[in-house]
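The next block holds one structure in the form of structure tokens; read it before the comments.
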Amino acid sequence: MMSSRWQEVLKKLDDYRWEIPRGYKSGMNVPGLIYADEEMLALMGDDESLEQVANVAFLPGIVGRSLAMPDIHWGYGFPIGGVAATTVEQGVISPGGVGFDINCGVRLLRTDLSQEEVKPKIEELVAELFANVPSGLGSTGKIRVDARELDRILLQGARWAVERGYGEAQDLEATEEEGCLKAADPHQVSDRAKKRGAPQSGTLGSGNHFLEVQVVDEVYDLAAAQAMGIQEAGQVLFLIHTGSRGLGHQVCEDYVRKMGEAVRKYAISLPDRQLACTPVSSPEGKAYFAAMACAANYAWANRQCITHWARECFIKVFGKSRRQLGMELVYDVAHNIAKMEEHSVDGKRLALCVHRKGATRAFPAGHPDVPAAYRQIGQPVLIPGDMGRCSYVAIGTERAMKETFGSTCHGAGRLQSRSAAKRSLRGADVAHDLAARGIVVRTGNVASLAEEASQAYKDVSKVVEITHQAGISLKVIKARPLAVIKG
Amino acid sequence: MEDFEIIDHTADIGIVARGADLKQAFATAAVALFSLIAELEDVGEAISRDMEVTADDRESLLVEWLNELIYLFEVENIIFKRFEVTELSDTRLKARGYGERMDASRHRLKGGVKAATYYMLKVDKDDGCRVQVILDV
């Protein structure tokens, strides 16, 4: 059961919406809004995540509500699974509202392969992917870039990769922002960040980052699925989850430090130091956004390079041409990012800085930022679950646009701490358990498997059901894993 | 035995380190950090490195110190296992670290650390010397 403290505080709006009233804490500029059902809410009440939703409401210039998706969990400063929009004119931008792994995100590829074709070769495919996509702690890439070339990655994002032969022009159309935030300015990225980033471009990394071979399990919205090139259950998909590696981590670290000074300079009062921020329109705010854009672009280039190597692996293992495989990019979404967007708030159009930390953009049909191929159905939303359960593809809605600044959940959301997961499970047992269910796992670090086991996460199906019922994103398909490659 | 404990945090990991004085507590926090990255018993001391970090206050200094070590691990792949903090004020730390370069064939690697955060950050001189920091992993 939810702790009694929160039972008294929260106001039930409907079965899937709960408000933290503005009066909960003196200093909140707006109320909090949590998307959850009773069961999910009970899981949230135990830690500090709801308190963090209230803390985010302190940000100067925040509008609407401090939002929490059903996959919310306890972060540092901002909760993970949070959305906060501030006005460009009077609001603040906070590096903590994006997080260390800037533009951590997910990209999904479809194929014309069936489960029957893939299963007999799955071990070979996994070995090939493991050998050709650099992963793991301290891994360095196959791409060697000097300082000038790194700056081009930071400026051009996924386009840099495509222009060097890693993928195709159509891939860019199927990527959020076409894989490039134009505000990028490499001069705002420290040498330390560049030093961390240069050897890591084109690497998966470690932790919760992974590659997954999936099979479509259920189709909920056939028309939307078909627009994404997904026809029926049994079709094989491929998912990539990674971000901006050490470069993004260093950008965040550099600017959290600078924001400490900005908080004093602009006399901003905050309940938590990790919420450090600066006015969006201040020189510090512009510098952070330009640096964050560089890190976001680096992440898109990263996922684009990995896409190319993954296609090469499939071509080799299945002996089919690129066209025969039909391995097209469905979409690529960022789930740790700040964006400058225009939204309606209380009937007024406002220029906003939308922080999505562990949340996915979910724009509706007809929105100009949704690629032409999806303009009729809405933006694809990619929601990976943990490695033992399943993943979802959904679409954005008009309701999300009205309520959540066009945002929805990003994944399952952590339930158990990494150390608690490790105490209760052994990595080898997790691998064995997955194998027994026909899921092939390959990792450079077996012990870390326990940290990412199903038991450590909320059930993604329940998370997605809440966002579906609340109407902020609608289910299109469910897929389940055939194989996982973890860093 | 180093005097530290790893504390639970849903998404991340916390460190609490103690020492007879603050220098020792900062040194122990650094050992705790590397204990999350690799099994330190396998790590030798072929490399020694002098380090210096500055910050606005003591709490920030702890964050800066750990972030400097994360940076050295990532850029130069050095796993440190022992530290001597030689100078420590509210705004400056000087230390020497001992360790060796990561070798995946010999070292048992455990996990990456992205950064030290300001969340729940504590540097406590009373009640023995105790420091606390949450890491993004």
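Following the order of the structure tokens, chains are lettered A, B, ..., residues in each are numbered from 1, and ligands are numbered from 1.
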
Select residues of chain B: the criterion is any atom within 9 Å of an atom of chain A, counting only C-alpha atoms; output as a PyMOL selection string.
chain B and resi 6-13+37+60+64+67+71+73-75+77+102+108-121+134-137

Find the residues near region 87-89 of chain B: any atom within 8 Å, counting only C-alpha atoms, skip ones fewer than 5 places away on the same chain, and give them as a ChimeraX atom specification.
/B:22-23,58,94-95

Which is closest to Val430 (chain A) among A:Ala450, A:Ala412, A:Met387, A:Ala223, if we use only C-alpha atoms?
A:Ala450

Just checking: using only C-alpha atoms, which residue out of B:Val63, B:Ala55, B:Glu45, B:Asp103 ends up closest to Asp90 (chain B)?
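Looking only at the distances to Asp90 (chain B), the closest residue turns out to be B:Ala55.
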
Backbone-only DSSP, strand (DSSP E) members of region 100-317 of chain A, as a ChimeraX atom specification:
/A:105-114,210-219,235-242,278-279

Neighbours of Ala147 (chain A) within 8 Å (only C-alpha atoms; same-chain residues fewer than 2 positions away dropped), as JSON, numbers by chain?
{"A": [145, 149, 150, 151, 194, 198]}

Would you please extract all helix (DSSP H, G or I) residues from chain B, as assigned by DSSP on the backbone, and give them as a ChimeraX atom specification?
/B:22-37,40-42,58-76

Expected file: the selected residues, N, CA and C atoms, as an mmCIF file, in the first residue's frame:
```cif
data_model
loop_
_atom_site.group_PDB
_atom_site.id
_atom_site.type_symbol
_atom_site.label_atom_id
_atom_site.label_comp_id
_atom_site.auth_asym_id
_atom_site.auth_seq_id
_atom_site.Cartn_x
_atom_site.Cartn_y
_atom_site.Cartn_z
ATOM 1 N N LEU B 22 38.896 14.001 7.659
ATOM 2 C CA LEU B 22 38.206 14.191 6.388
ATOM 3 C C LEU B 22 39.051 13.709 5.197
ATOM 4 N N LYS B 23 40.376 13.875 5.323
ATOM 5 C CA LYS B 23 41.273 13.402 4.257
ATOM 6 C C LYS B 23 41.052 11.917 4.016
ATOM 7 N N GLN B 24 40.989 11.193 5.112
ATOM 8 C CA GLN B 24 40.818 9.736 5.007
ATOM 9 C C GLN B 24 39.431 9.391 4.449
ATOM 10 N N ALA B 25 38.426 10.147 4.864
ATOM 11 C CA ALA B 25 37.072 9.888 4.367
ATOM 12 C C ALA B 25 36.992 10.137 2.851
ATOM 13 N N PHE B 26 37.658 11.197 2.381
ATOM 14 C CA PHE B 26 37.673 11.471 0.931
ATOM 15 C C PHE B 26 38.422 10.363 0.190
ATOM 16 N N ALA B 27 39.543 9.901 0.778
ATOM 17 C CA ALA B 27 40.317 8.823 0.150
ATOM 18 C C ALA B 27 39.474 7.545 0.084
ATOM 19 N N THR B 28 38.762 7.271 1.162
ATOM 20 C CA THR B 28 37.944 6.057 1.221
ATOM 21 C C THR B 28 36.783 6.120 0.230
ATOM 22 N N ALA B 29 36.188 7.316 0.083
ATOM 23 C CA ALA B 29 35.102 7.471 -0.891
ATOM 24 C C ALA B 29 35.612 7.129 -2.294
ATOM 25 N N ALA B 30 36.856 7.510 -2.575
ATOM 26 C CA ALA B 30 37.434 7.231 -3.889
ATOM 27 C C ALA B 30 37.651 5.731 -4.091
ATOM 28 N N VAL B 31 38.093 5.055 -3.025
ATOM 29 C CA VAL B 31 38.256 3.598 -3.110
ATOM 30 C C VAL B 31 36.879 2.956 -3.343
ATOM 31 N N ALA B 32 35.869 3.464 -2.636
ATOM 32 C CA ALA B 32 34.509 2.929 -2.792
ATOM 33 C C ALA B 32 34.054 3.070 -4.239
ATOM 34 N N LEU B 33 34.357 4.223 -4.838
ATOM 35 C CA LEU B 33 34.000 4.448 -6.252
ATOM 36 C C LEU B 33 34.606 3.356 -7.138
ATOM 37 N N PHE B 34 35.912 3.110 -6.977
ATOM 38 C CA PHE B 34 36.550 2.114 -7.841
ATOM 39 C C PHE B 34 36.130 0.687 -7.507
ATOM 40 N N SER B 35 35.674 0.486 -6.266
ATOM 41 C CA SER B 35 35.184 -0.861 -5.909
ATOM 42 C C SER B 35 33.906 -1.186 -6.693
ATOM 43 N N LEU B 36 33.214 -0.139 -7.191
ATOM 44 C CA LEU B 36 32.021 -0.372 -8.009
ATOM 45 C C LEU B 36 32.396 -0.692 -9.448
ATOM 46 N N ILE B 37 33.584 -0.241 -9.853
ATOM 47 C CA ILE B 37 34.023 -0.406 -11.239
ATOM 48 C C ILE B 37 34.704 -1.755 -11.446
ATOM 49 N N LEU B 40 38.880 -4.833 -6.738
ATOM 50 C CA LEU B 40 40.162 -4.153 -6.543
ATOM 51 C C LEU B 40 41.287 -5.084 -6.105
ATOM 52 N N GLU B 41 40.937 -6.268 -5.602
ATOM 53 C CA GLU B 41 42.011 -7.182 -5.176
ATOM 54 C C GLU B 41 42.888 -7.644 -6.351
ATOM 55 N N ASP B 42 42.322 -7.583 -7.573
ATOM 56 C CA ASP B 42 43.111 -7.976 -8.756
ATOM 57 C C ASP B 42 44.002 -6.850 -9.283
ATOM 58 N N ARG B 58 33.161 22.494 0.373
ATOM 59 C CA ARG B 58 33.610 21.136 0.696
ATOM 60 C C ARG B 58 32.756 20.056 0.016
ATOM 61 N N GLU B 59 31.448 20.301 -0.038
ATOM 62 C CA GLU B 59 30.569 19.312 -0.672
ATOM 63 C C GLU B 59 30.893 19.205 -2.168
ATOM 64 N N SER B 60 31.020 20.361 -2.811
ATOM 65 C CA SER B 60 31.341 20.354 -4.244
ATOM 66 C C SER B 60 32.695 19.698 -4.485
ATOM 67 N N LEU B 61 33.596 19.890 -3.527
ATOM 68 C CA LEU B 61 34.935 19.326 -3.669
ATOM 69 C C LEU B 61 34.870 17.791 -3.737
ATOM 70 N N LEU B 62 33.981 17.217 -2.959
ATOM 71 C CA LEU B 62 33.819 15.752 -2.996
ATOM 72 C C LEU B 62 33.321 15.310 -4.374
ATOM 73 N N VAL B 63 32.329 16.047 -4.914
ATOM 74 C CA VAL B 63 31.801 15.726 -6.244
ATOM 75 C C VAL B 63 32.897 15.882 -7.302
ATOM 76 N N GLU B 64 33.636 16.999 -7.221
ATOM 77 C CA GLU B 64 34.708 17.263 -8.197
ATOM 78 C C GLU B 64 35.792 16.182 -8.130
ATOM 79 N N TRP B 65 36.118 15.785 -6.945
ATOM 80 C CA TRP B 65 37.160 14.775 -6.707
ATOM 81 C C TRP B 65 36.765 13.447 -7.367
ATOM 82 N N LEU B 66 35.552 13.015 -7.106
ATOM 83 C CA LEU B 66 35.115 11.739 -7.674
ATOM 84 C C LEU B 66 34.956 11.858 -9.203
ATOM 85 N N ASN B 67 34.477 13.012 -9.665
ATOM 86 C CA ASN B 67 34.333 13.190 -11.115
ATOM 87 C C ASN B 67 35.684 13.206 -11.825
ATOM 88 N N GLU B 68 36.704 13.755 -11.156
ATOM 89 C CA GLU B 68 38.062 13.737 -11.729
ATOM 90 C C GLU B 68 38.532 12.281 -11.907
ATOM 91 N N LEU B 69 38.220 11.462 -10.934
ATOM 92 C CA LEU B 69 38.645 10.054 -10.990
ATOM 93 C C LEU B 69 37.872 9.289 -12.073
ATOM 94 N N ILE B 70 36.584 9.600 -12.216
ATOM 95 C CA ILE B 70 35.782 8.960 -13.273
ATOM 96 C C ILE B 70 36.351 9.351 -14.642
ATOM 97 N N TYR B 71 36.733 10.613 -14.737
ATOM 98 C CA TYR B 71 37.326 11.111 -15.982
ATOM 99 C C TYR B 71 38.638 10.374 -16.290
ATOM 100 N N LEU B 72 39.511 10.251 -15.290
ATOM 101 C CA LEU B 72 40.794 9.561 -15.509
ATOM 102 C C LEU B 72 40.575 8.096 -15.877
ATOM 103 N N PHE B 73 39.581 7.485 -15.256
ATOM 104 C CA PHE B 73 39.281 6.090 -15.606
ATOM 105 C C PHE B 73 38.842 6.000 -17.066
ATOM 106 N N GLU B 74 37.974 6.920 -17.470
ATOM 107 C CA GLU B 74 37.436 6.813 -18.823
ATOM 108 C C GLU B 74 38.442 7.179 -19.912
ATOM 109 N N VAL B 75 39.221 8.239 -19.659
ATOM 110 C CA VAL B 75 40.125 8.722 -20.703
ATOM 111 C C VAL B 75 41.447 7.944 -20.704
ATOM 112 N N GLU B 76 41.939 7.610 -19.524
ATOM 113 C CA GLU B 76 43.236 6.915 -19.472
ATOM 114 C C GLU B 76 43.107 5.469 -19.011
#
```

Of the candidates B:Asp57, B:Glu84, B:Glu52, B:Glu100, which shows the shortest atom-to-atom distance to Lys122 (chain B), using only C-alpha atoms?
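Nearest to Lys122 (chain B): B:Asp57.
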
Which one of A:Gln379, A:Thr360, A:Asn103, A:Ser244 sits closest to Ala225 (chain A) if you count only C-alpha atoms?
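Residue with the minimum atom-to-atom distance to Ala225 (chain A): A:Gln379.
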
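The protein and nucleic acid residues lying at most 9 Å from region 121-127 of chain A are Glu117, Val118, Phe130, Ala131, Asn132, Val213, Cys313, Phe314, Lys316, Val317, Phe318, Val440, Val441, Arg442, Leu482, Ala483, Val484 and Ile485 of chain A, with only C-alpha atoms considered and sequence neighbours fewer than 3 positions away removed.
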
Quick one: residues within 8 Å of Asp21 (chain B), only C-alpha atoms, excluding same-chain residues fewer than 5 positions away - as a PDB file with N, CA, C and O atoms, in the first residue's frame?
```pdb
ATOM      1  N   LYS B 125      31.715  16.524   9.460  1.00  0.00           N
ATOM      2  CA  LYS B 125      32.947  16.448  10.244  1.00  0.00           C
ATOM      3  C   LYS B 125      32.685  15.999  11.684  1.00  0.00           C
ATOM      4  O   LYS B 125      33.592  15.575  12.368  1.00  0.00           O
ATOM      5  N   GLY B 128      32.520  11.507  13.965  1.00  0.00           N
ATOM      6  CA  GLY B 128      33.537  10.892  13.109  1.00  0.00           C
ATOM      7  C   GLY B 128      33.462  11.629  11.797  1.00  0.00           C
ATOM      8  O   GLY B 128      32.598  12.473  11.610  1.00  0.00           O
ATOM      9  N   CYS B 129      34.335  11.355  10.850  1.00  0.00           N
ATOM     10  CA  CYS B 129      34.200  12.034   9.565  1.00  0.00           C
ATOM     11  C   CYS B 129      33.474  11.114   8.609  1.00  0.00           C
ATOM     12  O   CYS B 129      33.873   9.973   8.397  1.00  0.00           O
TER      13      CYS B 129
END
```

I'd like the neighbourhood of Gly285 (chain A) as a list in words, where a residue qualifies if any of its atoms comes within 12 Å (using only C-alpha atoms), though same-chain residues fewer than 4 positions away should be ignored.
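That gives Val88, Glu89, Gln90, Gly91, Val92, Ile93, Ser94, Pro95, Gln188, Tyr255, Val256, Lys258, Met259, Ala262, Val263, Tyr266, Ala276, Cys277, Thr278, Pro279, Val280, Ser281, Phe289, Ala290, Ala291, Met292, Ala338 and Cys353 of chain A.
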
Those same residues, written as a PDB file, in the first residue's frame with C-alpha atoms?
```pdb
ATOM      1  CA  VAL A  88      11.717  30.498 -22.800  1.00  0.00           C
ATOM      2  CA  GLU A  89      11.007  34.074 -21.804  1.00  0.00           C
ATOM      3  CA  GLN A  90      10.971  33.748 -18.030  1.00  0.00           C
ATOM      4  CA  GLY A  91      11.721  30.147 -17.194  1.00  0.00           C
ATOM      5  CA  VAL A  92      14.875  28.162 -16.508  1.00  0.00           C
ATOM      6  CA  ILE A  93      16.729  25.311 -18.149  1.00  0.00           C
ATOM      7  CA  SER A  94      18.241  22.625 -15.905  1.00  0.00           C
ATOM      8  CA  PRO A  95      20.935  20.138 -16.978  1.00  0.00           C
ATOM      9  CA  GLN A 188      30.384  25.240 -25.699  1.00  0.00           C
ATOM     10  CA  TYR A 255      27.114  22.519 -16.714  1.00  0.00           C
ATOM     11  CA  VAL A 256      25.708  21.330 -13.384  1.00  0.00           C
ATOM     12  CA  LYS A 258      28.323  26.156 -13.883  1.00  0.00           C
ATOM     13  CA  MET A 259      24.659  26.253 -12.877  1.00  0.00           C
ATOM     14  CA  ALA A 262      24.181  30.770 -12.044  1.00  0.00           C
ATOM     15  CA  VAL A 263      21.783  29.885  -9.234  1.00  0.00           C
ATOM     16  CA  TYR A 266      20.213  34.932 -10.695  1.00  0.00           C
ATOM     17  CA  ALA A 276      20.568  23.653 -10.459  1.00  0.00           C
ATOM     18  CA  CYS A 277      19.386  25.768 -13.384  1.00  0.00           C
ATOM     19  CA  THR A 278      19.671  29.103 -15.127  1.00  0.00           C
ATOM     20  CA  PRO A 279      17.257  31.269 -17.130  1.00  0.00           C
ATOM     21  CA  VAL A 280      16.735  29.727 -20.582  1.00  0.00           C
ATOM     22  CA  SER A 281      17.550  33.088 -22.170  1.00  0.00           C
ATOM     23  CA  PHE A 289      21.525  24.233 -24.666  1.00  0.00           C
ATOM     24  CA  ALA A 290      24.188  24.524 -27.399  1.00  0.00           C
ATOM     25  CA  ALA A 291      26.386  21.969 -25.598  1.00  0.00           C
ATOM     26  CA  MET A 292      23.437  19.669 -24.877  1.00  0.00           C
ATOM     27  CA  ALA A 338      15.378  19.339 -23.487  1.00  0.00           C
ATOM     28  CA  CYS A 353      11.738  24.571 -22.996  1.00  0.00           C
TER      29      CYS A 353
END
```

Mind pulling up the distance from CA of Ala421 (chain A) to CA of Arg17 (chain A)?
29.7 Å

Contacts of Leu33 (chain A) at 8 Å or less, counting only C-alpha atoms, minus same-chain residues fewer than 6 places along, as a ChimeraX atom specification?
/A:17-20,65-68
